[in-house]
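These notes concern the structure reproduced below.
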Amino acid sequence: MNFQKELQNLKPEHEFFIGIDSDGCVFDSMEVKQKEFFIPIALKYFSLYGISKVLRETWEFVNLYSIYRGGNRFISIIKVFELLSERKEIIESGYKLPDLTLLKDWVKTETRLSNANLRKYYESHNNNNKDLEKVVKWSEAVNNDINTWLHNIPPFRNATHSLDKISSFSDIVIVSQTPLDVLEREWKEHSLKGHSMHIAGQEHGTKTQHIAFAAKGKYKDNKILMIGDAKGDLDAAKNNGILFYPVIPGKEDRSWERLLNEALDRFKEGEYAGTYEDELLLEFRKSLPETPPWL
């Protein structure tokens, strides 16, 4: 299936377009997914119980509490192990970390960083790289366990009301790096799928590509807005020359209330760009540190 062609074929139904991230943005699901699924399954598949404490601290910083938050899982796991390799606890203990050289090579050349494409890449290397095999099995196990066990994680307060308001005047596309089947299930569970004209996941490419294929050239740039909770969402917006609204990590309910009662009206009236957006971005950037707390 040509997922990117699906985005290219979307036709505007409104004058405005809003792309919206899902995990940690609409749904309060990011912490539980990372802490209860991604990390425990990584400990098991990479046999890292001996460094459980330092792994958890490093993983949570990358995936929840820093500028790296919300990235594609394969890019994020590379960053986790890069930071681990520099930590005093790992260096002094001589603990052997997995060699992710092949994964790094794949990330550099592959534009659609999905489970299916990683498995094809792994199989093309004759199944003889054990560390790459661990990444494949870890990622597939994460998807399987989330699909099996994680259900009915509610949207943030005012997110549903905001979606109602947005869909009254704007086209909506979900812009995410979560696997498509998980996104479809989560949006259906809460009867929210009908708000969007399309759901784009990791199979559709990067978030920058999602917006480029779905919106650029179809709407005026000042009538395209990206809503997200991570630097990757901001980058996707600015790479496409469009507007960005931040859902501030730790202040999600207040962010959705401000969007509902203030920011959407400014966006519709052409009063969003400039000082107003700049002030929001300043607060957003302060919430996502680059330097780990252990340094």
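Chain lettering (A, B, ...) mirrors the order of the structure tokens, residue numbering begins at 1 for each chain separately, and ligand numbering begins at 1 in order of display.
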
**Item:** Nearby residues (only C-alpha atoms) at most 6 Å from range 163-180 of chain A, same-chain spacing under 6 positions excluded, as a ChimeraX atom specification
**Value:** /A:14,16-21,72,195-202,207

**Request:** Assign secondary structure with DSSP using the backbone only, and return the residues of range 33-182 of chain A in alpha helix (DSSP H) as a PyMOL selection string.
**Result:** chain A and resi 33+39-45+52-63+73-86+88-93+101-109+115-124+130-149+159-167+180-182

Select from range 24-110 of chain A every residue with an atom at most 12 Å from any atom of range 253-275 of chain A, then for each give the shortest pair of atoms and their distance in Å to one decimal, using only C-alpha atoms, rows by chain and rising number, as a tab-separated table.
```
residue	atom	partner	partner_atom	distance
A:Gly24	CA	A:Asp253	CA	11.3
A:Cys25	CA	A:Trp256	CA	9.2
A:Val26	CA	A:Trp256	CA	8.9
A:Phe27	CA	A:Asp253	CA	10.9
A:Asp28	CA	A:Asp253	CA	10.0
```

Would you put the residues from that selection into a file with C-alpha atoms, as an mmCIF file, in the first residue's frame?
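The resulting selection31.cif:
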```
data_model
loop_
_atom_site.group_PDB
_atom_site.id
_atom_site.type_symbol
_atom_site.label_atom_id
_atom_site.label_comp_id
_atom_site.auth_asym_id
_atom_site.auth_seq_id
_atom_site.Cartn_x
_atom_site.Cartn_y
_atom_site.Cartn_z
ATOM 1 C CA GLY A 24 0.929 12.629 24.793
ATOM 2 C CA CYS A 25 -0.942 15.297 22.870
ATOM 3 C CA VAL A 26 -4.580 14.218 22.493
ATOM 4 C CA PHE A 27 -4.303 11.102 24.663
ATOM 5 C CA ASP A 28 -2.629 10.886 28.068
#
```

**Item:** Selection near Leu295 in chain A, 10 Å with only C-alpha atoms, sequence-local residues under 3 positions removed, as a list in words
**Value:**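 Residues meeting the cut-off are Arg87, Thr291 and Pro292 of chain A.
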
**Item:** Shell of 12 Å around Tyr65 in chain A, only C-alpha atoms, local chain residues under 2 positions omitted, as an NGL selection string
**Value:** :A and (24 or 30-31 or 34 or 57-63 or 67-71 or 229-231 or 248-250 or 285-293)

**Request:** Quick one: everything within 8 Å of range 139-148 of chain A, counting only C-alpha atoms, minus sequence neighbours fewer than 5 positions away in the same chain. Send it as a PyMOL selection string.
**Result:** chain A and resi 33+37-38+41+115+179+182
